[in-house]
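K.L.:
This structure is in structure tokens; I'll ask about it shortly.
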Amino acid sequence: MKFFIDTANLDQIKEANDMGILDGVTTNPSLMAKEGIAGNKNVWKHYEKIANIVDGDVSAEVIATDFKGMVNEGEILAAIAPNIVVKIPMIKEGVKALSYFTEQGIRTNCTLVFSAAQALLAAKAGATYVSPFIGRVDDTNWDGLQLIEEIVEIYANYGFLTEVLAASIRTSLHIKQCALIGADVVTCPLKTIEGLFKHPLTDIGLEKFLADYKKVNG
Ligand code: E4P
């Protein structure tokens, strides 16, 4: 399973990359705004910085919501670096844009996916990744992990090559559950990735080992 970090913060991207376990980055307009990046040119420069830090795929989201606008913007984004993946929202015009980019050999990530039916459409349009949002589904009292299960099953039924990129991950437990289900990728904030390290018995055990070492070595 690939690990992507869900942020536009360069320090956090570097920190995750330095761990040697990072396979890519996802961003969205809200995450860019959180870093105070405004204006298209600055946004594009920022994508270039991110794409230079990591070897893996970096999802860069279009702002346009019409086919022509998405195509224009997507082509600019794709030209920034070879590891940029154009992120397109799951709307009718977005599906058209996904099909267009598939024909052009430009890789895509279909975002804002909340149902298996939407994921089926994204795969039909040839999306490289599909991003179902677990946490936001859970917030509505539906089951985000069940959504991942359904998409994984549908894609396996028909041999779709679209990778299931589980997004909107809120807990380290979500990561483990996605791995059990067979999601291809998880994208999560740094603190959620760091949560995977933690186990109280590891801390207690390490403390004891070091104390015992000190007893005989001073
Ligand atoms: C995915 O690509 C999105 O950027 C992200 O995972 C959304 O997460 P949120 O629901 O925590 O905003």
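Ordering of the structure tokens sets the chain letters (A, B, ...), residue numbers begin anew at 1 in every chain, and ligands are numbered from 1 in the order given.
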Would you list the residues that come within 7 Å of ligand 1? Count only C-alpha atoms and all ligand atoms and give the answer as a list in words.
P.N.:
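Those within range of ligand 1 are Asp6, Thr26, Thr27, Asn28, Thr111, Ser131, Phe133, Gly135, Arg136, Ala167, Ser168, Ile169, Arg170, Thr187 and Cys188 of chain A.
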K.L.:
Could you write out the selected residues, including N, CA, C and O atoms, as an mmCIF file, in the first residue's frame?
P.N.:
data_model
loop_
_atom_site.group_PDB
_atom_site.id
_atom_site.type_symbol
_atom_site.label_atom_id
_atom_site.label_comp_id
_atom_site.auth_asym_id
_atom_site.auth_seq_id
_atom_site.Cartn_x
_atom_site.Cartn_y
_atom_site.Cartn_z
ATOM 1 N N ASP A 6 -1.194 14.219 2.911
ATOM 2 C CA ASP A 6 -2.273 15.102 2.468
ATOM 3 C C ASP A 6 -2.025 16.501 3.030
ATOM 4 O O ASP A 6 -2.579 16.878 4.052
ATOM 5 N N THR A 26 -0.890 14.526 -1.806
ATOM 6 C CA THR A 26 -2.142 15.071 -2.341
ATOM 7 C C THR A 26 -2.339 16.457 -1.746
ATOM 8 O O THR A 26 -1.962 16.707 -0.590
ATOM 9 N N THR A 27 -2.899 17.339 -2.552
ATOM 10 C CA THR A 27 -3.229 18.684 -2.066
ATOM 11 C C THR A 27 -4.645 18.966 -2.542
ATOM 12 O O THR A 27 -5.205 18.214 -3.327
ATOM 13 N N ASN A 28 -5.196 20.045 -2.051
ATOM 14 C CA ASN A 28 -6.466 20.544 -2.594
ATOM 15 C C ASN A 28 -6.476 22.048 -2.360
ATOM 16 O O ASN A 28 -5.589 22.579 -1.662
ATOM 17 N N THR A 111 -11.388 13.344 -7.659
ATOM 18 C CA THR A 111 -11.586 13.679 -6.248
ATOM 19 C C THR A 111 -13.065 13.931 -5.926
ATOM 20 O O THR A 111 -13.902 13.989 -6.819
ATOM 21 N N SER A 131 -10.406 9.077 -5.535
ATOM 22 C CA SER A 131 -10.265 9.471 -4.127
ATOM 23 C C SER A 131 -11.599 9.484 -3.386
ATOM 24 O O SER A 131 -12.306 10.503 -3.359
ATOM 25 N N PHE A 133 -13.629 9.813 0.011
ATOM 26 C CA PHE A 133 -13.319 10.559 1.239
ATOM 27 C C PHE A 133 -13.927 9.857 2.460
ATOM 28 O O PHE A 133 -15.086 10.097 2.815
ATOM 29 N N GLY A 135 -13.431 10.046 5.868
ATOM 30 C CA GLY A 135 -13.820 10.843 7.041
ATOM 31 C C GLY A 135 -15.089 11.637 6.796
ATOM 32 O O GLY A 135 -15.976 11.697 7.651
ATOM 33 N N ARG A 136 -15.178 12.238 5.618
ATOM 34 C CA ARG A 136 -16.368 13.064 5.345
ATOM 35 C C ARG A 136 -17.620 12.202 5.206
ATOM 36 O O ARG A 136 -18.727 12.653 5.519
ATOM 37 N N ALA A 167 -8.966 8.696 0.926
ATOM 38 C CA ALA A 167 -8.666 10.069 1.357
ATOM 39 C C ALA A 167 -9.517 10.443 2.561
ATOM 40 O O ALA A 167 -10.330 9.650 3.025
ATOM 41 N N SER A 168 -9.289 11.667 3.048
ATOM 42 C CA SER A 168 -10.026 12.169 4.210
ATOM 43 C C SER A 168 -9.893 11.190 5.377
ATOM 44 O O SER A 168 -10.878 10.813 6.007
ATOM 45 N N ILE A 169 -8.655 10.791 5.622
ATOM 46 C CA ILE A 169 -8.368 9.823 6.690
ATOM 47 C C ILE A 169 -8.139 10.590 7.981
ATOM 48 O O ILE A 169 -7.392 11.561 8.014
ATOM 49 N N ARG A 170 -8.830 10.153 9.039
ATOM 50 C CA ARG A 170 -8.778 10.924 10.282
ATOM 51 C C ARG A 170 -7.978 10.236 11.381
ATOM 52 O O ARG A 170 -7.565 10.879 12.334
ATOM 53 N N THR A 187 -4.017 8.530 1.809
ATOM 54 C CA THR A 187 -3.418 9.857 1.952
ATOM 55 C C THR A 187 -3.891 10.440 3.262
ATOM 56 O O THR A 187 -5.083 10.409 3.582
ATOM 57 N N CYS A 188 -2.937 10.929 4.064
ATOM 58 C CA CYS A 188 -3.304 11.396 5.403
ATOM 59 C C CYS A 188 -2.350 12.466 5.899
ATOM 60 O O CYS A 188 -1.221 12.571 5.407
#
K.L.:
From a backbone DSSP assignment, name each residue in chain A labelled alpha helix (DSSP H), as number ranges by chain.
P.N.:
A: 10-18, 29-34, 40-53, 67-80, 92-104, 116-124, 134-139, 144-158, 172-181, 190-195, 200-217
K.L.:
Rounded to one decimal place, report the atom CA of A:Pro200-atom CA of A:Ala179 distance in Å.
P.N.:
22.2 Å
K.L.:
Name the residues in contact with A:Leu120 at a cut-off of 8 Å, using only C-alpha atoms, excluding same-chain residues fewer than 5 positions from it; report them as a PyMOL selection string.
P.N.:
chain A and resi 151+154-155
K.L.:
Could the residues in this selection be written to a file with all heavy atoms, as a PDB file, in the first residue's frame?
P.N.:
ATOM      1  N   ILE A 151     -15.703  -0.208  -3.527  1.00  0.00           N
ATOM      2  CA  ILE A 151     -14.938   0.216  -4.718  1.00  0.00           C
ATOM      3  C   ILE A 151     -13.861  -0.820  -5.050  1.00  0.00           C
ATOM      4  O   ILE A 151     -13.693  -1.199  -6.212  1.00  0.00           O
ATOM      5  CB  ILE A 151     -14.326   1.625  -4.501  1.00  0.00           C
ATOM      6  CG1 ILE A 151     -15.435   2.658  -4.274  1.00  0.00           C
ATOM      7  CG2 ILE A 151     -13.459   2.019  -5.697  1.00  0.00           C
ATOM      8  CD1 ILE A 151     -14.948   4.029  -3.832  1.00  0.00           C
ATOM      9  N   ILE A 154     -15.630  -3.751  -6.722  1.00  0.00           N
ATOM     10  CA  ILE A 154     -16.081  -3.449  -8.096  1.00  0.00           C
ATOM     11  C   ILE A 154     -14.890  -3.416  -9.055  1.00  0.00           C
ATOM     12  O   ILE A 154     -14.940  -3.985 -10.148  1.00  0.00           O
ATOM     13  CB  ILE A 154     -16.862  -2.112  -8.130  1.00  0.00           C
ATOM     14  CG1 ILE A 154     -18.213  -2.286  -7.432  1.00  0.00           C
ATOM     15  CG2 ILE A 154     -17.060  -1.626  -9.569  1.00  0.00           C
ATOM     16  CD1 ILE A 154     -18.975  -0.994  -7.192  1.00  0.00           C
ATOM     17  N   TYR A 155     -13.809  -2.747  -8.637  1.00  0.00           N
ATOM     18  CA  TYR A 155     -12.637  -2.657  -9.519  1.00  0.00           C
ATOM     19  C   TYR A 155     -12.043  -4.054  -9.780  1.00  0.00           C
ATOM     20  O   TYR A 155     -11.624  -4.357 -10.897  1.00  0.00           O
ATOM     21  CB  TYR A 155     -11.577  -1.724  -8.929  1.00  0.00           C
ATOM     22  CG  TYR A 155     -11.901  -0.245  -9.044  1.00  0.00           C
ATOM     23  CD1 TYR A 155     -13.151   0.192  -9.503  1.00  0.00           C
ATOM     24  CD2 TYR A 155     -10.966   0.732  -8.713  1.00  0.00           C
ATOM     25  CE1 TYR A 155     -13.453   1.542  -9.595  1.00  0.00           C
ATOM     26  CE2 TYR A 155     -11.255   2.082  -8.825  1.00  0.00           C
ATOM     27  CZ  TYR A 155     -12.505   2.487  -9.254  1.00  0.00           C
ATOM     28  OH  TYR A 155     -12.793   3.835  -9.358  1.00  0.00           O
TER      29      TYR A 155
END
K.L.:
Run DSSP on the backbone and grab whatever in chain A lands in strand (DSSP E or B); send it over as a VMD selection string.
P.N.:
chain A and resid 2 to 6 24 to 26 57 to 61 84 to 89 108 to 113 129 to 133 163 to 167 185 to 188
K.L.:
Using N, CA and C atoms, can you write the selected residues to a file as an mmCIF file, in the first residue's frame?
P.N.:
data_model
loop_
_atom_site.group_PDB
_atom_site.id
_atom_site.type_symbol
_atom_site.label_atom_id
_atom_site.label_comp_id
_atom_site.auth_asym_id
_atom_site.auth_seq_id
_atom_site.Cartn_x
_atom_site.Cartn_y
_atom_site.Cartn_z
ATOM 1 N N LYS A 2 0.520 2.195 -0.888
ATOM 2 C CA LYS A 2 1.299 3.433 -0.942
ATOM 3 C C LYS A 2 0.826 4.417 0.129
ATOM 4 N N PHE A 3 1.789 5.200 0.649
ATOM 5 C CA PHE A 3 1.476 6.255 1.616
ATOM 6 C C PHE A 3 1.672 7.619 0.948
ATOM 7 N N PHE A 4 0.604 8.398 0.866
ATOM 8 C CA PHE A 4 0.716 9.781 0.409
ATOM 9 C C PHE A 4 0.472 10.686 1.616
ATOM 10 N N ILE A 5 1.075 11.870 1.595
ATOM 11 C CA ILE A 5 0.774 12.842 2.651
ATOM 12 C C ILE A 5 -0.197 13.862 2.082
ATOM 13 N N ASP A 6 -1.194 14.219 2.911
ATOM 14 C CA ASP A 6 -2.273 15.102 2.468
ATOM 15 C C ASP A 6 -2.025 16.501 3.030
ATOM 16 N N GLY A 24 4.039 9.764 -2.177
ATOM 17 C CA GLY A 24 3.428 10.841 -2.956
ATOM 18 C C GLY A 24 2.733 11.858 -2.059
ATOM 19 N N VAL A 25 2.114 12.832 -2.705
ATOM 20 C CA VAL A 25 1.465 13.945 -1.990
ATOM 21 C C VAL A 25 0.114 14.228 -2.640
ATOM 22 N N THR A 26 -0.890 14.526 -1.806
ATOM 23 C CA THR A 26 -2.142 15.071 -2.341
ATOM 24 C C THR A 26 -2.339 16.457 -1.746
ATOM 25 N N ASP A 57 4.027 10.572 -6.978
ATOM 26 C CA ASP A 57 3.005 11.419 -7.593
ATOM 27 C C ASP A 57 2.512 12.538 -6.671
ATOM 28 N N VAL A 58 2.273 13.688 -7.280
ATOM 29 C CA VAL A 58 1.764 14.864 -6.557
ATOM 30 C C VAL A 58 0.457 15.294 -7.222
ATOM 31 N N SER A 59 -0.633 15.203 -6.485
ATOM 32 C CA SER A 59 -1.919 15.594 -7.067
ATOM 33 C C SER A 59 -2.110 17.098 -6.977
ATOM 34 N N ALA A 60 -2.377 17.720 -8.129
ATOM 35 C CA ALA A 60 -2.592 19.170 -8.203
ATOM 36 C C ALA A 60 -3.997 19.398 -8.753
ATOM 37 N N GLU A 61 -4.818 20.108 -7.978
ATOM 38 C CA GLU A 61 -6.252 20.178 -8.312
ATOM 39 C C GLU A 61 -6.610 21.379 -9.189
ATOM 40 N N ILE A 84 3.469 15.219 -11.649
ATOM 41 C CA ILE A 84 2.192 15.872 -11.309
ATOM 42 C C ILE A 84 1.039 15.059 -11.902
ATOM 43 N N VAL A 85 0.019 14.842 -11.056
ATOM 44 C CA VAL A 85 -1.206 14.154 -11.464
ATOM 45 C C VAL A 85 -2.331 15.189 -11.356
ATOM 46 N N VAL A 86 -3.132 15.322 -12.397
ATOM 47 C CA VAL A 86 -4.167 16.355 -12.406
ATOM 48 C C VAL A 86 -5.401 15.869 -11.636
ATOM 49 N N LYS A 87 -5.772 16.666 -10.631
ATOM 50 C CA LYS A 87 -6.887 16.270 -9.764
ATOM 51 C C LYS A 87 -8.169 16.952 -10.255
ATOM 52 N N ILE A 88 -9.166 16.124 -10.531
ATOM 53 C CA ILE A 88 -10.397 16.598 -11.180
ATOM 54 C C ILE A 88 -11.599 16.213 -10.316
ATOM 55 N N PRO A 89 -12.527 17.170 -10.087
ATOM 56 C CA PRO A 89 -13.694 16.813 -9.266
ATOM 57 C C PRO A 89 -14.689 15.894 -9.993
ATOM 58 N N THR A 108 -4.461 11.243 -13.927
ATOM 59 C CA THR A 108 -5.486 12.002 -13.195
ATOM 60 C C THR A 108 -5.839 11.345 -11.858
ATOM 61 N N ASN A 109 -6.390 12.191 -10.984
ATOM 62 C CA ASN A 109 -6.933 11.727 -9.711
ATOM 63 C C ASN A 109 -8.344 12.290 -9.614
ATOM 64 N N CYS A 110 -9.344 11.429 -9.588
ATOM 65 C CA CYS A 110 -10.730 11.908 -9.507
ATOM 66 C C CYS A 110 -11.096 12.089 -8.032
ATOM 67 N N THR A 111 -11.388 13.344 -7.659
ATOM 68 C CA THR A 111 -11.586 13.679 -6.248
ATOM 69 C C THR A 111 -13.065 13.931 -5.926
ATOM 70 N N LEU A 112 -13.334 14.054 -4.630
ATOM 71 C CA LEU A 112 -14.690 14.301 -4.116
ATOM 72 C C LEU A 112 -15.631 13.150 -4.499
ATOM 73 N N VAL A 113 -15.139 11.945 -4.260
ATOM 74 C CA VAL A 113 -15.927 10.742 -4.560
ATOM 75 C C VAL A 113 -16.546 10.217 -3.255
ATOM 76 N N TYR A 129 -6.175 7.528 -10.441
ATOM 77 C CA TYR A 129 -6.562 7.326 -9.040
ATOM 78 C C TYR A 129 -8.009 7.762 -8.866
ATOM 79 N N VAL A 130 -8.677 7.146 -7.891
ATOM 80 C CA VAL A 130 -9.984 7.641 -7.461
ATOM 81 C C VAL A 130 -9.861 7.930 -5.965
ATOM 82 N N SER A 131 -10.406 9.077 -5.535
ATOM 83 C CA SER A 131 -10.265 9.471 -4.127
ATOM 84 C C SER A 131 -11.599 9.484 -3.386
ATOM 85 N N PRO A 132 -11.985 8.355 -2.778
ATOM 86 C CA PRO A 132 -13.149 8.361 -1.891
ATOM 87 C C PRO A 132 -12.757 8.951 -0.537
ATOM 88 N N PHE A 133 -13.629 9.813 0.011
ATOM 89 C CA PHE A 133 -13.319 10.559 1.239
ATOM 90 C C PHE A 133 -13.927 9.857 2.460
ATOM 91 N N GLU A 163 -6.410 3.190 -9.388
ATOM 92 C CA GLU A 163 -5.993 2.860 -8.013
ATOM 93 C C GLU A 163 -6.913 3.541 -7.000
ATOM 94 N N VAL A 164 -7.301 2.783 -5.989
ATOM 95 C CA VAL A 164 -8.173 3.327 -4.939
ATOM 96 C C VAL A 164 -7.309 4.074 -3.920
ATOM 97 N N LEU A 165 -7.505 5.391 -3.887
ATOM 98 C CA LEU A 165 -6.710 6.274 -3.025
ATOM 99 C C LEU A 165 -7.626 6.735 -1.885
ATOM 100 N N ALA A 166 -7.548 6.063 -0.760
ATOM 101 C CA ALA A 166 -8.431 6.392 0.358
ATOM 102 C C ALA A 166 -8.012 7.743 0.949
ATOM 103 N N ALA A 167 -8.966 8.696 0.926
ATOM 104 C CA ALA A 167 -8.666 10.069 1.357
ATOM 105 C C ALA A 167 -9.517 10.443 2.561
ATOM 106 N N VAL A 185 -3.792 3.006 -1.996
ATOM 107 C CA VAL A 185 -3.084 4.174 -1.461
ATOM 108 C C VAL A 185 -3.888 4.741 -0.298
ATOM 109 N N VAL A 186 -3.192 5.284 0.710
ATOM 110 C CA VAL A 186 -3.880 6.119 1.702
ATOM 111 C C VAL A 186 -3.211 7.485 1.668
ATOM 112 N N THR A 187 -4.017 8.530 1.809
ATOM 113 C CA THR A 187 -3.418 9.857 1.952
ATOM 114 C C THR A 187 -3.891 10.440 3.262
ATOM 115 N N CYS A 188 -2.937 10.929 4.064
ATOM 116 C CA CYS A 188 -3.304 11.396 5.403
ATOM 117 C C CYS A 188 -2.350 12.466 5.899
#
K.L.:
So, counting only C-alpha atoms, which residue among A:Asn9, A:Ala64, A:Lys176, A:Phe114 is closest to A:Gly36?
P.N.:
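Closest residue, counting only C-alpha atoms: A:Asn9.
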K.L.:
With only C-alpha atoms as the atoms that count, which of A:Leu180, A:Ile80, A:Ala123, A:Ile134 lies nearest to A:Ala156?
P.N.:
A:Ala123
K.L.:
For A:Leu190, which residue out of A:Glu75, A:Ser172, A:Gly205, A:Val43 is the nearest one, using only C-alpha atoms?
P.N.:
A:Ser172
K.L.:
If we count only C-alpha atoms and set the cut-off at 10 Å, which residues sit around A:Pro29, ignoring sequence neighbours fewer than 3 positions away in its own chain? Please answer as a ChimeraX atom specification.
P.N.:
/A:8,32-34,37-38,43,60-63
K.L.:
In Å, how far is it from atom CA of A:Asp184 to atom CA of A:Phe160?
P.N.:
12.5 Å
K.L.:
Measuring between only C-alpha atoms, which one of A:Gln146, A:Thr162, A:Thr192, A:Asn141 shows the shortest distance to A:Thr7?
P.N.:
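Among A:Gln146, A:Thr162, A:Thr192, A:Asn141, it is A:Thr192 that comes nearest to A:Thr7.
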K.L.:
Could you tell me which of A:Ser115, A:Lys49, A:Gly126, A:Lys208 comes closest to A:Trp142 if we count only C-alpha atoms?
P.N.:
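Ranking A:Ser115, A:Lys49, A:Gly126, A:Lys208 by distance to A:Trp142, first place goes to A:Ser115.
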K.L.:
Mind pulling up the distance from atom CA of A:Asn17 to atom CA of A:Leu201?
P.N.:
26.6 Å
K.L.:
Could you check which of A:Ala127, A:Ala16, A:Ala183, A:Ile193 is closest to A:Ala97, using only C-alpha atoms?
P.N.:
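Of the candidates, the smallest distance to A:Ala97 is held by A:Ala127.
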K.L.:
Tell me, as a PDB file with all heavy atoms, in the first residue's frame, which residues lie within 10 Å of A:Glu48, counting only C-alpha atoms; anything in the same chain fewer than 2 positions away does not count.
P.N.:
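Listing of around-v5.pdb after writing:
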ATOM      1  N   ASN A  42       1.664  31.608  -8.129  1.00  0.00           N
ATOM      2  CA  ASN A  42       2.278  31.152  -6.870  1.00  0.00           C
ATOM      3  C   ASN A  42       1.885  29.705  -6.568  1.00  0.00           C
ATOM      4  O   ASN A  42       2.695  28.920  -6.071  1.00  0.00           O
ATOM      5  CB  ASN A  42       1.849  32.053  -5.709  1.00  0.00           C
ATOM      6  CG  ASN A  42       2.460  33.420  -5.828  1.00  0.00           C
ATOM      7  OD1 ASN A  42       3.579  33.564  -6.345  1.00  0.00           O
ATOM      8  ND2 ASN A  42       1.747  34.444  -5.384  1.00  0.00           N
ATOM      9  N   VAL A  43       0.628  29.393  -6.881  1.00  0.00           N
ATOM     10  CA  VAL A  43       0.154  28.020  -6.660  1.00  0.00           C
ATOM     11  C   VAL A  43       0.968  27.068  -7.534  1.00  0.00           C
ATOM     12  O   VAL A  43       1.452  26.035  -7.062  1.00  0.00           O
ATOM     13  CB  VAL A  43      -1.362  27.909  -6.969  1.00  0.00           C
ATOM     14  CG1 VAL A  43      -1.802  26.460  -7.048  1.00  0.00           C
ATOM     15  CG2 VAL A  43      -2.176  28.658  -5.918  1.00  0.00           C
ATOM     16  N   TRP A  44       1.184  27.417  -8.786  1.00  0.00           N
ATOM     17  CA  TRP A  44       1.932  26.540  -9.697  1.00  0.00           C
ATOM     18  C   TRP A  44       3.384  26.392  -9.230  1.00  0.00           C
ATOM     19  O   TRP A  44       3.946  25.308  -9.285  1.00  0.00           O
ATOM     20  CB  TRP A  44       1.871  27.092 -11.139  1.00  0.00           C
ATOM     21  CG  TRP A  44       0.463  27.139 -11.682  1.00  0.00           C
ATOM     22  CD1 TRP A  44      -0.594  26.379 -11.242  1.00  0.00           C
ATOM     23  CD2 TRP A  44      -0.050  27.975 -12.719  1.00  0.00           C
ATOM     24  NE1 TRP A  44      -1.733  26.699 -11.943  1.00  0.00           N
ATOM     25  CE2 TRP A  44      -1.430  27.674 -12.866  1.00  0.00           C
ATOM     26  CE3 TRP A  44       0.499  28.966 -13.555  1.00  0.00           C
ATOM     27  CZ2 TRP A  44      -2.258  28.317 -13.802  1.00  0.00           C
ATOM     28  CZ3 TRP A  44      -0.316  29.600 -14.491  1.00  0.00           C
ATOM     29  CH2 TRP A  44      -1.674  29.268 -14.604  1.00  0.00           C
ATOM     30  N   LYS A  45       3.969  27.533  -8.752  1.00  0.00           N
ATOM     31  CA  LYS A  45       5.354  27.476  -8.232  1.00  0.00           C
ATOM     32  C   LYS A  45       5.427  26.539  -7.032  1.00  0.00           C
ATOM     33  O   LYS A  45       6.379  25.793  -6.850  1.00  0.00           O
ATOM     34  CB  LYS A  45       5.801  28.889  -7.789  1.00  0.00           C
ATOM     35  CG  LYS A  45       6.736  29.546  -8.789  1.00  0.00           C
ATOM     36  CD  LYS A  45       7.323  30.813  -8.191  1.00  0.00           C
ATOM     37  CE  LYS A  45       7.112  31.979  -9.147  1.00  0.00           C
ATOM     38  NZ  LYS A  45       6.981  33.266  -8.490  1.00  0.00           N
ATOM     39  N   HIS A  46       4.389  26.615  -6.203  1.00  0.00           N
ATOM     40  CA  HIS A  46       4.359  25.777  -5.002  1.00  0.00           C
ATOM     41  C   HIS A  46       4.275  24.296  -5.389  1.00  0.00           C
ATOM     42  O   HIS A  46       4.952  23.453  -4.787  1.00  0.00           O
ATOM     43  CB  HIS A  46       3.175  26.174  -4.111  1.00  0.00           C
ATOM     44  CG  HIS A  46       3.322  25.731  -2.688  1.00  0.00           C
ATOM     45  ND1 HIS A  46       4.189  26.317  -1.796  1.00  0.00           N
ATOM     46  CD2 HIS A  46       2.725  24.710  -2.008  1.00  0.00           C
ATOM     47  CE1 HIS A  46       4.113  25.697  -0.633  1.00  0.00           C
ATOM     48  NE2 HIS A  46       3.231  24.713  -0.737  1.00  0.00           N
ATOM     49  N   ILE A  50       6.871  21.205  -4.387  1.00  0.00           N
ATOM     50  CA  ILE A  50       6.450  19.909  -3.829  1.00  0.00           C
ATOM     51  C   ILE A  50       6.959  18.775  -4.731  1.00  0.00           C
ATOM     52  O   ILE A  50       7.522  17.791  -4.251  1.00  0.00           O
ATOM     53  CB  ILE A  50       4.909  19.833  -3.684  1.00  0.00           C
ATOM     54  CG1 ILE A  50       4.412  20.873  -2.683  1.00  0.00           C
ATOM     55  CG2 ILE A  50       4.469  18.436  -3.260  1.00  0.00           C
ATOM     56  CD1 ILE A  50       2.891  20.973  -2.564  1.00  0.00           C
ATOM     57  N   ALA A  51       6.779  18.946  -6.035  1.00  0.00           N
ATOM     58  CA  ALA A  51       7.164  17.887  -6.979  1.00  0.00           C
ATOM     59  C   ALA A  51       8.671  17.645  -6.969  1.00  0.00           C
ATOM     60  O   ALA A  51       9.125  16.545  -7.294  1.00  0.00           O
ATOM     61  CB  ALA A  51       6.688  18.256  -8.386  1.00  0.00           C
ATOM     62  N   ASN A  52       9.433  18.675  -6.566  1.00  0.00           N
ATOM     63  CA  ASN A  52      10.890  18.499  -6.472  1.00  0.00           C
ATOM     64  C   ASN A  52      11.308  17.773  -5.202  1.00  0.00           C
ATOM     65  O   ASN A  52      12.380  17.179  -5.150  1.00  0.00           O
ATOM     66  CB  ASN A  52      11.602  19.860  -6.510  1.00  0.00           C
ATOM     67  CG  ASN A  52      11.661  20.389  -7.927  1.00  0.00           C
ATOM     68  OD1 ASN A  52      11.652  19.616  -8.876  1.00  0.00           O
ATOM     69  ND2 ASN A  52      11.698  21.710  -8.067  1.00  0.00           N
ATOM     70  N   ILE A  53      10.467  17.827  -4.180  1.00  0.00           N
ATOM     71  CA  ILE A  53      10.828  17.166  -2.909  1.00  0.00           C
ATOM     72  C   ILE A  53      10.631  15.658  -3.013  1.00  0.00           C
ATOM     73  O   ILE A  53      11.445  14.880  -2.542  1.00  0.00           O
ATOM     74  CB  ILE A  53       9.989  17.729  -1.728  1.00  0.00           C
ATOM     75  CG1 ILE A  53      10.258  19.219  -1.534  1.00  0.00           C
ATOM     76  CG2 ILE A  53      10.273  16.952  -0.436  1.00  0.00           C
ATOM     77  CD1 ILE A  53       9.331  19.892  -0.521  1.00  0.00           C
ATOM     78  N   VAL A  58       2.273  13.688  -7.280  1.00  0.00           N
ATOM     79  CA  VAL A  58       1.764  14.864  -6.557  1.00  0.00           C
ATOM     80  C   VAL A  58       0.457  15.294  -7.222  1.00  0.00           C
ATOM     81  O   VAL A  58       0.459  15.679  -8.396  1.00  0.00           O
ATOM     82  CB  VAL A  58       2.792  16.025  -6.630  1.00  0.00           C
ATOM     83  CG1 VAL A  58       2.222  17.285  -5.990  1.00  0.00           C
ATOM     84  CG2 VAL A  58       4.111  15.624  -5.984  1.00  0.00           C
ATOM     85  N   LEU A  77      -0.933  22.371 -15.360  1.00  0.00           N
ATOM     86  CA  LEU A  77      -0.467  21.650 -14.160  1.00  0.00           C
ATOM     87  C   LEU A  77       0.406  20.454 -14.551  1.00  0.00           C
ATOM     88  O   LEU A  77       1.482  20.243 -13.975  1.00  0.00           O
ATOM     89  CB  LEU A  77      -1.666  21.176 -13.326  1.00  0.00           C
ATOM     90  CG  LEU A  77      -2.513  22.274 -12.664  1.00  0.00           C
ATOM     91  CD1 LEU A  77      -3.790  21.691 -12.066  1.00  0.00           C
ATOM     92  CD2 LEU A  77      -1.705  23.003 -11.592  1.00  0.00           C
ATOM     93  N   ALA A  79       2.223  20.041 -17.031  1.00  0.00           N
ATOM     94  CA  ALA A  79       3.519  20.435 -17.617  1.00  0.00           C
ATOM     95  C   ALA A  79       4.520  20.894 -16.544  1.00  0.00           C
ATOM     96  O   ALA A  79       5.710  21.055 -16.830  1.00  0.00           O
ATOM     97  CB  ALA A  79       3.301  21.551 -18.636  1.00  0.00           C
ATOM     98  N   ILE A  80       4.051  21.087 -15.311  1.00  0.00           N
ATOM     99  CA  ILE A  80       4.950  21.574 -14.246  1.00  0.00           C
ATOM    100  C   ILE A  80       6.058  20.562 -13.958  1.00  0.00           C
ATOM    101  O   ILE A  80       7.224  20.916 -13.802  1.00  0.00           O
ATOM    102  CB  ILE A  80       4.143  21.901 -12.957  1.00  0.00           C
ATOM    103  CG1 ILE A  80       3.236  23.114 -13.212  1.00  0.00           C
ATOM    104  CG2 ILE A  80       5.067  22.153 -11.770  1.00  0.00           C
ATOM    105  CD1 ILE A  80       2.291  23.443 -12.060  1.00  0.00           C
ATOM    106  N   ALA A  81       5.692  19.291 -13.858  1.00  0.00           N
ATOM    107  CA  ALA A  81       6.687  18.236 -13.560  1.00  0.00           C
ATOM    108  C   ALA A  81       6.104  16.893 -13.981  1.00  0.00           C
ATOM    109  O   ALA A  81       4.876  16.721 -13.978  1.00  0.00           O
ATOM    110  CB  ALA A  81       7.013  18.227 -12.062  1.00  0.00           C
ATOM    111  N   ASN A  83       5.901  14.202 -12.394  1.00  0.00           N
ATOM    112  CA  ASN A  83       5.172  13.479 -11.341  1.00  0.00           C
ATOM    113  C   ASN A  83       3.889  14.192 -10.886  1.00  0.00           C
ATOM    114  O   ASN A  83       3.295  13.819  -9.882  1.00  0.00           O
ATOM    115  CB  ASN A  83       6.080  13.161 -10.138  1.00  0.00           C
ATOM    116  CG  ASN A  83       6.757  14.372  -9.544  1.00  0.00           C
ATOM    117  OD1 ASN A  83       6.898  15.396 -10.217  1.00  0.00           O
ATOM    118  ND2 ASN A  83       7.192  14.274  -8.305  1.00  0.00           N
ATOM    119  N   ILE A  84       3.469  15.219 -11.649  1.00  0.00           N
ATOM    120  CA  ILE A  84       2.192  15.872 -11.309  1.00  0.00           C
ATOM    121  C   ILE A  84       1.039  15.059 -11.902  1.00  0.00           C
ATOM    122  O   ILE A  84       1.062  14.657 -13.058  1.00  0.00           O
ATOM    123  CB  ILE A  84       2.132  17.322 -11.868  1.00  0.00           C
ATOM    124  CG1 ILE A  84       3.135  18.238 -11.145  1.00  0.00           C
ATOM    125  CG2 ILE A  84       0.710  17.876 -11.789  1.00  0.00           C
ATOM    126  CD1 ILE A  84       2.706  18.795  -9.809  1.00  0.00           C
TER     127      ILE A  84
END
